[in-house]
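A.B. asks: Take a look at the following structure, please.
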Amino acid sequence: MDHPWMYTMDKHGETPTTRARKSGYTVLAEMLLSQERKSEAAHDTVGAAAPDGDAYWGMSHSVYKMMDPKENVAPAHPVVDSPLHEATRNGDVEAARQLISDGADINEENNQGLTPLHLIALNGRTDLAELFLESGAAVNQRESYTGKLTPMAMALLMGYDDLVEELSVHGGVC
C-alpha cells in the first residue's frame, strides 16, 4: 500500500486517525478509514495482495470500536469521486494538471462533501496544493462531511505544517 501518511506517527505516537478522534472529529476519523478501505479495494482489484491488509483491518476494527463501543459499523456509503478527485487521491500531478486544463471543476465536491483540495489536505501533498491554488481553487471552501472544515483546518489537524503554510500564503483560514 502506498499510503504512508495513514500510518505516520507524530512525535506523540499519534496517527491522523487517532488525532482526528482525540480532537473530537469522529466523522473525520471514520472518513479516513473509509478512504483507506477504498484504496485497499482498488488495490485488490488489480490482482495483487495488499501487503499489510490483515494488520490494517485489525486496526480499523479497533478504531471503530474505540470511536463507538456500542456500534462497530463502517460508514454506509462508499466514496464516489470525480476523475479529478481520483487523480488527487492517487497523487497524480500530471493527470490532475491535464484534467484541470480540460476544464474539470476544481471545486467540485465528492459525495462526502470534499473538494480535491480537501483530499490534498488529508494527504499533505504540497505539490498538488500549489497546482490547485495556482489554478484558482477555493482555498476556504468548507466541506460538509466532518463539520465544515476548510482545507487549511484539515491540514493543520493532520499535522502538515508545510501545507498549512502554503494554504495560509494563499489566504487560507481555519
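Residues in the C-alpha cells are numbered from 1 in each chain, the chains being A, B, ... in the order shown, and ligands are numbered from 1 in the order shown.
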Neighbours of stretch 100-116 of chain A within 10 Å (only C-alpha atoms; same-chain residues fewer than 2 positions away dropped), as a PyMOL selection string?
C.D. replies: chain A and resi 31+77-89+94-98+118-122+128-129+131-133+135-139+141-146+148-151
